[in-house]
Structures are given as structure tokens and as C-alpha cells.
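Structure file target-v6.cif; described as mmCIF, C-alpha atoms.
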```cif
data_model
loop_
_atom_site.label_atom_id
_atom_site.label_comp_id
_atom_site.auth_asym_id
_atom_site.auth_seq_id
_atom_site.Cartn_x
_atom_site.Cartn_y
_atom_site.Cartn_z
CA MET A 1 10.02 -116.66 41.12
CA VAL A 2 10.04 -119.93 39.11
CA ALA A 3 7.10 -121.26 41.14
CA LYS A 4 5.15 -118.04 40.50
CA ALA A 5 5.85 -118.19 36.75
CA LEU A 6 4.72 -121.85 36.64
CA LYS A 7 1.58 -120.98 38.61
CA ASN A 8 0.73 -118.17 36.20
CA PHE A 9 1.44 -120.42 33.21
CA PHE A 10 -0.92 -123.16 34.40
CA LYS A 11 -3.53 -120.60 35.47
CA ARG A 12 -3.55 -119.19 31.94
CA ILE A 13 -3.69 -122.62 30.28
CA PHE A 14 -6.64 -123.75 32.42
CA SER A 15 -8.58 -120.52 32.14
CA ASN A 16 -8.20 -120.62 28.36
CA LEU A 17 -9.47 -124.21 28.30
CA PHE A 18 -12.53 -123.72 30.47
CA SER A 19 -13.54 -120.16 29.77
CA GLN A 20 -13.93 -118.88 26.27
CA LYS A 21 -14.82 -115.35 27.34
CA ARG A 22 -13.07 -114.71 30.60
CA GLU A 23 -12.53 -111.38 32.25
CA LEU A 24 -8.94 -110.15 31.88
CA LYS A 25 -7.42 -108.24 34.74
CA LEU A 26 -6.11 -104.98 33.30
CA GLY A 27 -3.87 -103.23 35.81
CA PHE A 28 -2.82 -99.59 35.81
CA TYR A 29 0.63 -99.10 37.35
CA GLY A 30 3.09 -96.27 37.57
CA PRO A 31 4.57 -93.56 39.77
CA PRO A 32 2.29 -91.20 41.73
CA ASN A 33 0.45 -88.44 39.84
CA ALA A 34 1.06 -89.95 36.40
CA GLY A 35 -2.69 -90.12 35.68
CA LYS A 36 -3.53 -93.79 36.35
CA THR A 37 -6.90 -93.01 37.91
CA SER A 38 -7.68 -90.36 35.28
CA LEU A 39 -7.17 -92.96 32.55
CA ALA A 40 -9.06 -95.70 34.43
CA ASN A 41 -11.90 -93.20 35.03
CA ARG A 42 -11.99 -92.28 31.35
CA ILE A 43 -12.34 -95.97 30.33
CA CYS A 44 -14.88 -96.80 33.03
CA LYS A 45 -16.95 -93.70 32.28
CA ASP A 46 -16.94 -94.46 28.52
CA PHE A 47 -18.02 -98.08 28.91
CA THR A 48 -19.95 -98.28 32.21
CA GLY A 49 -21.00 -94.69 32.83
CA GLU A 50 -19.31 -94.68 36.25
CA GLU A 51 -15.87 -93.56 37.42
CA ILE A 52 -13.51 -95.71 39.48
CA GLY A 53 -12.02 -93.16 41.91
CA ASN A 54 -11.11 -89.61 42.82
CA VAL A 55 -8.30 -87.65 41.21
CA SER A 56 -6.28 -84.84 42.76
CA LYS A 57 -3.21 -82.69 42.18
CA ILE A 58 -1.90 -83.90 45.52
CA PRO A 59 0.26 -87.02 45.05
CA HIS A 60 -0.93 -90.36 46.45
CA GLU A 61 -4.64 -89.60 46.06
CA THR A 62 -5.19 -93.32 45.37
CA ARG A 63 -3.98 -95.13 48.48
CA ALA A 64 -5.80 -98.44 48.08
CA VAL A 65 -6.30 -100.67 45.07
CA GLN A 66 -9.68 -99.95 43.46
CA PHE A 67 -11.34 -101.96 40.74
CA LYS A 68 -14.33 -102.23 38.50
CA GLU A 69 -15.47 -105.60 37.23
CA LYS A 70 -17.01 -106.63 33.93
CA VAL A 71 -16.03 -103.56 31.95
CA GLU A 72 -16.85 -104.39 28.33
CA ILE A 73 -14.58 -102.38 26.08
CA SER A 74 -15.70 -102.18 22.45
CA TYR A 75 -13.35 -101.16 19.69
CA LYS A 76 -13.94 -101.43 15.94
CA GLY A 77 -16.78 -103.94 16.37
CA LYS A 78 -14.90 -106.17 18.80
CA THR A 79 -15.64 -106.44 22.51
CA MET A 80 -13.46 -107.66 25.35
CA THR A 81 -14.33 -107.88 29.03
CA PHE A 82 -11.88 -106.55 31.60
CA LYS A 83 -11.57 -106.14 35.31
CA ILE A 84 -10.02 -102.68 35.58
CA VAL A 85 -7.56 -102.51 38.48
CA ASP A 86 -6.34 -99.04 39.44
CA THR A 87 -3.37 -99.16 41.80
CA PRO A 88 -1.71 -96.62 44.13
CA GLY A 89 1.41 -94.97 42.72
CA ILE A 90 4.67 -96.74 43.49
CA ALA A 91 7.40 -94.63 45.11
CA THR A 92 10.63 -95.22 47.00
CA LYS A 93 10.10 -92.30 49.39
CA ILE A 94 7.12 -90.70 51.09
CA ASP A 95 7.49 -87.59 53.24
CA TYR A 96 4.42 -86.12 54.92
CA GLU A 97 6.04 -82.66 54.66
CA ASP A 98 5.62 -82.82 50.87
CA PHE A 99 1.84 -82.83 51.40
CA LEU A 100 1.98 -79.69 53.53
CA LYS A 101 2.86 -77.74 50.35
CA TYR A 102 -0.66 -78.53 49.17
CA LYS A 103 -2.08 -76.89 52.29
CA LEU A 104 -3.00 -80.13 54.07
CA LYS A 105 -2.98 -79.96 57.87
CA LYS A 106 -0.10 -81.75 59.59
CA GLY A 107 -2.36 -84.52 60.92
CA GLU A 108 -3.96 -85.09 57.52
CA ALA A 109 -0.55 -85.11 55.83
CA LYS A 110 0.78 -87.70 58.29
CA THR A 111 -2.26 -89.93 57.79
CA ARG A 112 -1.95 -89.57 54.02
CA ALA A 113 1.74 -90.54 54.17
CA LYS A 114 0.99 -93.58 56.33
CA GLU A 115 -1.79 -94.75 54.03
CA ALA A 116 0.40 -94.09 50.98
CA THR A 117 3.15 -96.41 52.27
CA GLN A 118 0.54 -99.14 52.69
CA GLY A 119 -0.76 -98.40 49.19
CA VAL A 120 2.67 -98.94 47.64
CA VAL A 121 2.97 -102.34 49.34
CA GLU A 122 -0.54 -103.27 48.16
CA SER A 123 0.26 -102.28 44.55
CA ILE A 124 3.32 -104.53 44.51
CA LYS A 125 1.38 -107.45 46.01
CA TRP A 126 -1.28 -107.16 43.26
CA LEU A 127 1.34 -107.53 40.50
CA ASP A 128 1.01 -111.32 40.65
CA ASP A 129 -2.71 -111.18 39.84
CA MET A 130 -2.54 -109.10 36.66
CA ASP A 131 -3.11 -110.47 33.15
CA VAL A 132 -2.18 -107.29 31.26
CA VAL A 133 -0.63 -104.10 32.62
CA VAL A 134 -0.66 -100.54 31.39
CA VAL A 135 2.27 -98.58 32.86
CA VAL A 136 1.17 -94.96 32.98
CA LEU A 137 4.00 -92.41 32.89
CA ASP A 138 3.84 -88.63 33.03
CA ALA A 139 5.30 -87.53 29.67
CA THR A 140 6.45 -84.24 31.21
CA GLN A 141 8.77 -86.06 33.65
CA ASN A 142 12.12 -87.81 33.20
CA PRO A 143 11.27 -91.42 32.25
CA TYR A 144 14.64 -92.76 33.51
CA ASN A 145 13.25 -93.20 36.99
CA GLN A 146 14.17 -96.40 38.80
CA VAL A 147 10.56 -96.93 39.92
CA ASN A 148 9.48 -97.15 36.25
CA ILE A 149 12.31 -99.57 35.52
CA THR A 150 11.52 -101.67 38.61
CA ILE A 151 7.82 -101.95 37.70
CA ILE A 152 8.57 -102.97 34.12
CA GLY A 153 11.33 -105.36 35.25
CA ASN A 154 8.89 -107.10 37.58
CA LEU A 155 6.25 -107.41 34.85
CA VAL A 156 8.80 -108.88 32.44
CA ALA A 157 9.97 -111.35 35.10
CA ARG A 158 6.34 -112.43 35.58
CA LYS A 159 5.77 -112.62 31.79
CA ILE A 160 2.87 -110.14 31.98
CA PRO A 161 2.28 -108.20 28.73
CA VAL A 162 3.07 -104.48 29.15
CA LEU A 163 1.89 -101.36 27.37
CA ILE A 164 3.52 -98.04 28.22
CA VAL A 165 1.33 -94.97 28.14
CA ALA A 166 2.91 -91.51 28.00
CA ASN A 167 0.18 -89.41 29.56
CA LYS A 168 -0.34 -85.62 29.62
CA ILE A 169 0.62 -85.08 25.96
CA ASP A 170 -1.65 -82.03 26.04
CA MET A 171 1.04 -80.27 28.10
CA LYS A 172 3.82 -78.21 26.50
CA LYS A 173 6.61 -79.96 28.42
CA ALA A 174 5.46 -83.43 27.32
CA ASN A 175 8.13 -85.39 25.47
CA ILE A 176 6.87 -88.71 24.15
CA LYS A 177 10.11 -89.29 22.18
CA LYS A 178 12.05 -89.34 25.44
CA VAL A 179 9.71 -92.02 26.81
CA GLU A 180 10.09 -94.05 23.62
CA ALA A 181 13.88 -93.71 23.79
CA ALA A 182 13.90 -94.89 27.41
CA PHE A 183 11.86 -98.02 26.64
CA PRO A 184 12.67 -98.96 23.03
CA GLU A 185 11.50 -102.56 23.43
CA TYR A 186 7.92 -101.60 24.30
CA ASP A 187 4.91 -100.06 22.61
CA VAL A 188 4.49 -96.49 23.81
CA VAL A 189 1.19 -94.71 23.25
CA GLY A 190 0.94 -90.97 23.90
CA ILE A 191 -2.42 -89.89 25.31
CA SER A 192 -4.14 -87.24 27.34
CA ALA A 193 -6.42 -88.99 29.84
CA LYS A 194 -7.74 -85.61 30.96
CA TYR A 195 -8.95 -84.58 27.49
CA GLY A 196 -9.47 -88.06 26.02
CA LYS A 197 -6.82 -87.49 23.34
CA ASN A 198 -5.57 -90.45 21.24
CA LEU A 199 -7.64 -93.05 23.10
CA GLU A 200 -8.38 -94.91 19.87
CA GLU A 201 -4.72 -95.86 19.52
CA PHE A 202 -4.68 -96.78 23.20
CA TYR A 203 -7.65 -99.17 22.84
CA GLU A 204 -6.11 -100.70 19.73
CA SER A 205 -2.87 -101.38 21.66
CA VAL A 206 -4.76 -102.81 24.66
CA PHE A 207 -6.67 -105.22 22.39
CA LYS A 208 -3.43 -106.27 20.70
CA LEU A 209 -1.83 -106.86 24.07
CA ALA A 210 -4.82 -108.76 25.47
CA LYS A 211 -4.61 -111.22 22.57
CA ARG A 212 -1.17 -112.23 23.80
CA VAL A 213 -2.61 -113.49 27.11
CA MET B 1 21.60 -96.12 68.13
CA VAL B 2 22.40 -94.66 64.73
CA ARG B 3 18.72 -94.73 63.73
CA LYS B 4 17.86 -92.17 66.43
CA ASN B 5 19.97 -89.63 64.55
CA LEU B 6 18.01 -89.88 61.31
CA GLY B 7 16.91 -86.43 60.19
CA LYS B 8 19.70 -84.64 62.13
CA ILE B 9 22.38 -84.93 59.50
CA LYS B 10 25.75 -83.29 59.92
CA GLY B 11 27.50 -85.37 57.30
CA PHE B 12 27.33 -88.58 55.38
CA SER B 13 29.61 -91.16 53.93
CA ILE B 14 29.65 -93.16 50.75
CA GLN B 15 30.04 -96.87 51.22
CA PHE B 16 30.95 -99.37 48.53
CA LEU B 17 29.56 -102.87 48.68
CA PRO B 18 31.33 -105.35 46.41
CA TYR B 19 29.14 -108.06 44.95
CA SER B 20 31.25 -110.69 46.72
CA GLU B 21 29.81 -109.44 50.03
CA ILE B 22 26.21 -110.12 49.05
CA ARG B 23 26.66 -113.03 46.66
CA GLY B 24 26.03 -115.71 49.28
CA LEU B 25 23.12 -113.94 50.96
CA THR B 26 19.43 -114.67 50.50
CA SER B 27 17.25 -111.89 49.06
CA ALA B 28 15.91 -111.03 52.51
CA GLN B 29 19.44 -110.85 53.94
CA ARG B 30 20.64 -108.65 51.04
CA ILE B 31 17.80 -106.20 51.51
CA LYS B 32 18.34 -106.09 55.27
CA LYS B 33 22.03 -105.39 54.75
CA ILE B 34 21.29 -102.60 52.25
CA LEU B 35 18.68 -100.96 54.46
CA ASP B 36 20.90 -101.20 57.57
CA ILE B 37 23.66 -99.30 55.73
CA VAL B 38 21.25 -96.69 54.35
CA LEU B 39 19.57 -96.22 57.74
CA ALA B 40 22.99 -95.29 59.13
CA ASN B 41 22.93 -92.28 56.74
CA ASN B 42 25.28 -93.78 54.17
CA ILE B 43 25.00 -93.49 50.44
CA LEU B 44 25.59 -96.98 49.18
CA LEU B 45 27.20 -98.03 45.91
CA ILE B 46 26.62 -101.68 45.18
CA GLN B 47 28.57 -103.57 42.57
CA GLY B 48 25.99 -105.19 40.30
CA ARG B 49 22.23 -104.97 40.46
CA LEU B 50 19.41 -106.60 42.35
CA GLU B 51 16.92 -108.92 40.68
CA ALA B 52 13.58 -107.31 39.72
CA ASP B 53 11.73 -109.00 42.58
CA GLU B 54 14.48 -107.94 45.02
CA GLU B 55 14.08 -104.32 43.92
CA SER B 56 10.33 -104.47 44.56
CA ARG B 57 10.96 -106.18 47.90
CA LEU B 58 13.40 -103.38 48.76
CA ILE B 59 10.63 -100.86 48.06
CA GLU B 60 8.14 -102.85 50.17
CA ASP B 61 10.55 -103.06 53.12
CA THR B 62 11.37 -99.35 52.75
CA MET B 63 7.67 -98.52 53.01
CA ALA B 64 7.37 -100.64 56.15
CA MET B 65 10.34 -98.78 57.65
CA ILE B 66 8.86 -95.35 56.83
CA LYS B 67 5.77 -96.40 58.73
CA HIS B 68 7.72 -97.50 61.79
CA LEU B 69 10.77 -95.19 61.99
CA LYS B 70 9.98 -91.58 62.82
CA ASN B 71 12.54 -89.70 60.74
CA PHE B 72 12.98 -92.14 57.90
CA LYS B 73 11.46 -90.80 54.67
CA GLY B 74 12.51 -93.54 52.29
CA ILE B 75 15.27 -94.06 49.76
CA GLU B 76 16.50 -92.82 46.42
CA LEU B 77 17.44 -95.65 44.10
CA ALA B 78 19.14 -95.84 40.71
CA VAL B 79 20.95 -98.41 38.63
CA ILE B 80 23.54 -97.36 36.08
CA GLY B 81 25.27 -99.30 33.39
CA GLY B 82 24.48 -102.96 33.13
CA ASN B 83 23.26 -104.84 30.14
CA ASP B 84 19.72 -103.65 29.53
CA LYS B 85 19.91 -102.96 25.81
CA GLU B 86 22.46 -105.36 24.44
CA GLY B 87 22.13 -107.66 21.47
CA ILE B 88 22.01 -111.42 21.39
CA PHE B 89 25.81 -111.92 21.59
CA GLY B 90 26.00 -109.43 24.41
CA LYS B 91 23.30 -111.36 26.25
CA MET B 92 25.20 -114.63 25.75
CA ARG B 93 28.38 -113.01 27.07
CA THR B 94 26.50 -111.56 30.05
CA GLY B 95 24.90 -114.93 30.76
CA LEU B 96 28.35 -116.49 30.88
CA VAL B 97 29.73 -113.77 33.14
CA LYS B 98 26.66 -114.07 35.38
CA ALA B 99 27.10 -117.84 35.59
CA ILE B 100 30.72 -117.45 36.66
CA ALA B 101 30.48 -114.37 38.88
CA GLY B 102 26.85 -114.69 40.02
CA GLY B 103 25.49 -111.26 39.06
CA ASP B 104 25.38 -108.43 36.50
CA LEU B 105 28.69 -106.92 37.53
CA GLY B 106 28.68 -104.32 34.78
CA ALA B 107 26.04 -102.34 36.68
CA VAL B 108 26.27 -100.15 39.76
CA THR B 109 23.30 -99.68 42.07
CA ILE B 110 23.08 -96.47 44.09
CA VAL B 111 20.90 -96.36 47.18
CA GLY B 112 20.74 -93.35 49.47
CA PRO B 113 18.48 -92.17 52.28
CA ALA B 114 15.89 -89.63 51.07
CA THR B 115 16.83 -87.39 54.00
CA ILE B 116 20.24 -86.85 52.32
CA VAL B 117 19.69 -87.56 48.64
CA LYS B 118 17.07 -85.28 47.13
CA GLU B 119 17.10 -86.86 43.72
CA ILE B 120 19.12 -89.14 41.50
CA LYS B 121 18.73 -87.80 37.97
CA ARG B 122 19.49 -90.49 35.49
CA ASN B 123 19.88 -89.91 31.79
CA PRO B 124 21.27 -92.48 29.39
CA LYS B 125 24.80 -91.07 29.55
CA LYS B 126 25.11 -89.41 32.93
CA ILE B 127 23.92 -89.58 36.49
CA GLU B 128 23.48 -86.66 38.88
CA LEU B 129 23.19 -87.07 42.61
CA LEU B 130 21.38 -84.06 44.06
CA LEU B 131 21.79 -83.72 47.81
CA LYS B 132 19.52 -81.94 50.27
CA LYS B 133 20.74 -78.64 51.72
#
```
As C-alpha cells:
Amino acid sequence: MVAKALKNFFKRIFSNLFSQKRELKLGFYGPPNAGKTSLANRICKDFTGEEIGNVSKIPHETRAVQFKEKVEISYKGKTMTFKIVDTPGIATKIDYEDFLKYKLKKGEAKTRAKEATQGVVESIKWLDDMDVVVVVLDATQNPYNQVNITIIGNLVARKIPVLIVANKIDMKKANIKKVEAAFPEYDVVGISAKYGKNLEEFYESVFKLAKRV
Amino acid sequence: MVRKNLGKIKGFSIQFLPYSEIRGLTSAQRIKKILDIVLANNILLIQGRLEADEESRLIEDTMAMIKHLKNFKGIELAVIGGNDKEGIFGKMRTGLVKAIAGGDLGAVTIVGPATIVKEIKRNPKKIELLLKK
């Protein structure tokens, strides 16, 4: 852990010295079905015209890390360049039978479960490479989930700046106050990735966070 | 032998693991010990909490096990108590306790097999362990 922190520290010092306008790796982490890909798609579509990946109601739609390089995000006359990294949802359990409820065939469900387990491992491995991370949570769900706490704990241990996004605020059950109460030490921005609601505040927070790198 | 019975549950037990039993172990050994107990269909209460990187390693190893063991669906994990939101004096006190005892002993970590534990609902003031029928 100490070696990793030192490595990251020196990496940041050197990249700041030799590159005035480097590309920051902006990771999207969180539990499955929180809307990580929806948000990454929204950003990529707004600033590059292309989406990053497919979205679905079935959990674990993203089963491999997907990224888009050189995404220039402009906000209030300022521009920053990011590598957008969309990661598979992190979970502690994966049961192929859960996918059968979405009318997948048994074989498809088993393959999906197998790929999803690999995706979780891949997400965790990529943590070391991130410069800034947006933790996307579903504002309609209980935020006191150990996966959320584990992800944030790992980011703090690696000294990676974190922004918490409470997604799906367009839904009746959404409770942004509960998310804020669960993580009082962090900035929480409520958005709807699906309808593009409150993205201005999101971009402002991302820029603020990126300056800390 | 116990692993063959995963998924055919007739009962379960709750096992307590005092911190003294894992204090001297490496991270890999701790995680192996935890998963061995959980794979034997036990709900495990651990005194203290794992480090952040140990928790993520536990998730990684759990995923590898799901891939390789037929009836293993994963784990439910929760940490209660501990010293997440304390002030500066609290942190100093915790640091001292940690230095003497070797871990955050104010916390309890609950790990259970997903075949038995449906959900661990955690709110700030209470914890509910929902079991599968």
C-alpha cells in the first residue's frame, strides 16, 4: 500500500512537471445498475458525439472496462481533457439465477454471471490507474452498502479525489439527503443521467476535483 | 468435503472470530481463513475490520471462487460500529488503541454466504440480517 501511494505520488509530480495539459483518467465506479454507463454516455455524447457503451435494465450490462480517450469537457469557458473510464459494477455476490428473472436463457445467464465476476476483478485492478473517480450511486437505494464503503475506502487509501453522484433523482423514491448523510465528508451531486438533469453542477464539481490532482 | 454441500442448506451456524486469531496473519492468510469459514456455510462475525485493500481483495477472491465453485454465489458483507466519523481526539484515541491492539476493535465485520444471507441491511443505528427461505 505504501509503495503504491509513493508510486502514485511520484507519477503525479513527474506528469505535472513534463506535461502542462495531460489527460486525466476519470473513472466511474459503483455498484451494478447505478447508472455509470448512462452518465459516461451522456458526457461522451455531449463532448465527442459518440457513446461509450450499452445500457440495460439487466444488472452487469458492463462486464469489461470501457474507455474513451481525449474527451475535452468544456465548462464556463474552461476546457479539460479526460480519459473517461467506465467500469463494471462492483458486487460481492453474483447469481446467474437473478438474470433469469429478466428472461435470459439459462446458458446466457451463466455466461453473463461468469463474465460479471471477471468484470468485478477488472474494476478493482483499474483503481490504481485512476486520477479522479466519480462514485455513482442509485439514489433510490440504501447508500449504507458495504460495496460503496469499500470502494470509497480504497480510493481514500490511494489518495484519489472522489466525487459522489446520487443518480436517478428523477425517480420518486430518490433520496439524495440519505446519500449525503451516509457520506458527510464528501461532495454529493444529485443528477439524472437519463434525462441530463443537474449536469452543470456535476461538471463544476468534476473541474473542482480535477484541480486537486 | 463441506464445499460439496453448498446450496443444500439445512442449517447454519454463527462463528465468532476474535481479532487475536487473525492479528498475526498476512492479508492473504486472513482472507483465506474468512472464505474457508464462509464456504462451510457459517455466518462469520469478526472482531474489528479489514483494511480497505483487504476488503477489495476479499471481493476479488470471492469472485474467483464464484467462477470455480458450482454452488457458491458470493458473500454478503457489512461492517458495523468502528470509528468512521469521529473527531480529531477520537482519531488520536483510536490510533493509540490500534497501535496497542493492532486493529479497529470497536467495529464488527459480518460476512455470510449469499446462499444463506439474502441481505444485510445497514442503517446508521441498526443492522438487519435477512436470511434466505
Identify, on the basis of all atoms listed in the file, every residue whose closest approach to stretch 176-188 of chain A does not exceed 9 Å; exclude the query and any residue fewer than 4 positions from it along the same chain; express the result as a ChimeraX atom specification.
-> /A:137,139-140,142-144,162-167,169,205 /B:85,123-124
Okay, now the selection with C-alpha atoms, as a short mmCIF file (atom, residue, chain, number, x, y, z; two decimals), in the frame of the given file?
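Final file, result_27.cif:
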```cif
data_model
loop_
_atom_site.label_atom_id
_atom_site.label_comp_id
_atom_site.auth_asym_id
_atom_site.auth_seq_id
_atom_site.Cartn_x
_atom_site.Cartn_y
_atom_site.Cartn_z
CA LEU A 137 4.00 -92.41 32.89
CA ALA A 139 5.30 -87.53 29.67
CA THR A 140 6.45 -84.24 31.21
CA ASN A 142 12.12 -87.81 33.20
CA PRO A 143 11.27 -91.42 32.25
CA TYR A 144 14.64 -92.76 33.51
CA VAL A 162 3.07 -104.48 29.15
CA LEU A 163 1.89 -101.36 27.37
CA ILE A 164 3.52 -98.04 28.22
CA VAL A 165 1.33 -94.97 28.14
CA ALA A 166 2.91 -91.51 28.00
CA ASN A 167 0.18 -89.41 29.56
CA ILE A 169 0.62 -85.08 25.96
CA SER A 205 -2.87 -101.38 21.66
CA LYS B 85 19.91 -102.96 25.81
CA ASN B 123 19.88 -89.91 31.79
CA PRO B 124 21.27 -92.48 29.39
#
```
Kindly determine which residues of chain A lie within 10 Å of chain B, considering only C-alpha atoms, and give the answer as number ranges by chain.
-> A: 1, 90-97, 113-125, 142-147, 149-158, 181-185
Using atom CA of A:Ile58 and atom CA of B:Lys118 as the two end points, give the distance in Å to one decimal.
-> 19.1 Å
Could you tell me, as a PyMOL selection string, which residues have any atom at most 7 Å from (24.6, -106.2, 50.7), counting all atoms listed in the file?
-> chain B and resi 17+21-22+30-31+33-34
So how many Å separate atom CA of A:Lys159 and atom CA of A:Met130, to one decimal?
-> 10.3 Å
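Distances here use only C-alpha atoms; by that measure, the residue among A:Asn148, A:Gln141, A:Ser38, A:Asn198 closest to A:Thr62 is A:Ser38.
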Residue members of the PyMOL selection byres ((chain A and resi 21-32) around 7) in the file shown, as a PDB file with C-alpha atoms, keeping the file's coordinate frame:
```pdb
ATOM      1  CA  SER A  19     -13.540-120.160  29.770  1.00  0.00           C
ATOM      2  CA  GLN A  20     -13.930-118.880  26.270  1.00  0.00           C
ATOM      3  CA  ASN A  33       0.450 -88.440  39.840  1.00  0.00           C
ATOM      4  CA  ALA A  34       1.060 -89.950  36.400  1.00  0.00           C
ATOM      5  CA  LYS A  36      -3.530 -93.790  36.350  1.00  0.00           C
ATOM      6  CA  PRO A  59       0.260 -87.020  45.050  1.00  0.00           C
ATOM      7  CA  HIS A  60      -0.930 -90.360  46.450  1.00  0.00           C
ATOM      8  CA  LYS A  70     -17.010-106.630  33.930  1.00  0.00           C
ATOM      9  CA  THR A  81     -14.330-107.880  29.030  1.00  0.00           C
ATOM     10  CA  PHE A  82     -11.880-106.550  31.600  1.00  0.00           C
ATOM     11  CA  LYS A  83     -11.570-106.140  35.310  1.00  0.00           C
ATOM     12  CA  ILE A  84     -10.020-102.680  35.580  1.00  0.00           C
ATOM     13  CA  VAL A  85      -7.560-102.510  38.480  1.00  0.00           C
ATOM     14  CA  ASP A  86      -6.340 -99.040  39.440  1.00  0.00           C
ATOM     15  CA  THR A  87      -3.370 -99.160  41.800  1.00  0.00           C
ATOM     16  CA  GLY A  89       1.410 -94.970  42.720  1.00  0.00           C
ATOM     17  CA  ILE A  90       4.670 -96.740  43.490  1.00  0.00           C
ATOM     18  CA  ALA A  91       7.400 -94.630  45.110  1.00  0.00           C
ATOM     19  CA  MET A 130      -2.540-109.100  36.660  1.00  0.00           C
ATOM     20  CA  ASP A 131      -3.110-110.470  33.150  1.00  0.00           C
ATOM     21  CA  VAL A 132      -2.180-107.290  31.260  1.00  0.00           C
ATOM     22  CA  VAL A 133      -0.630-104.100  32.620  1.00  0.00           C
ATOM     23  CA  VAL A 134      -0.660-100.540  31.390  1.00  0.00           C
ATOM     24  CA  VAL A 135       2.270 -98.580  32.860  1.00  0.00           C
ATOM     25  CA  VAL A 136       1.170 -94.960  32.980  1.00  0.00           C
ATOM     26  CA  LEU A 137       4.000 -92.410  32.890  1.00  0.00           C
ATOM     27  CA  VAL A 147      10.560 -96.930  39.920  1.00  0.00           C
ATOM     28  CA  ASN A 148       9.480 -97.150  36.250  1.00  0.00           C
TER      29      ASN A 148
END
```
Please provide the set of residues having any atom within 12 Å of B:Val108, restricted to all atoms listed in the file, with same-chain residues fewer than 5 positions apart removed, written as a list in words.
-> Phe16, Leu17, Pro18, Tyr19, Leu44, Leu45, Ile46, Gln47, Gly48, Arg49, Leu50, Leu77, Ala78, Val79, Ile80, Gly81, Gly82, Asn83, Gly103 and Ile127 of chain B
Mind checking which residues fall within 7 Å of B:Leu131, counting only C-alpha atoms, ignoring those fewer than 6 positions away in the same chain, and posting them as number ranges by chain?
-> B: 116-119
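Here atom CA of A:Met171 and atom CA of A:Asp138 stand 10.1 Å from one another.
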Closest to B:Asn41 among B:Ser20, B:Gln15, B:Thr26, B:Thr109, using all atoms listed in the file?
-> B:Gln15
Report as lines of an AutoDock Vina configuration file the centre and the edge lengths, in Å to one decimal, of the axis-aligned box holding every listed atom of stretch 69-75 of chain A, padded by 3 Å on each side.
```
center_x = -15.2
center_y = -103.9
center_z = 28.5
size_x = 9.7
size_y = 11.5
size_z = 23.5
```
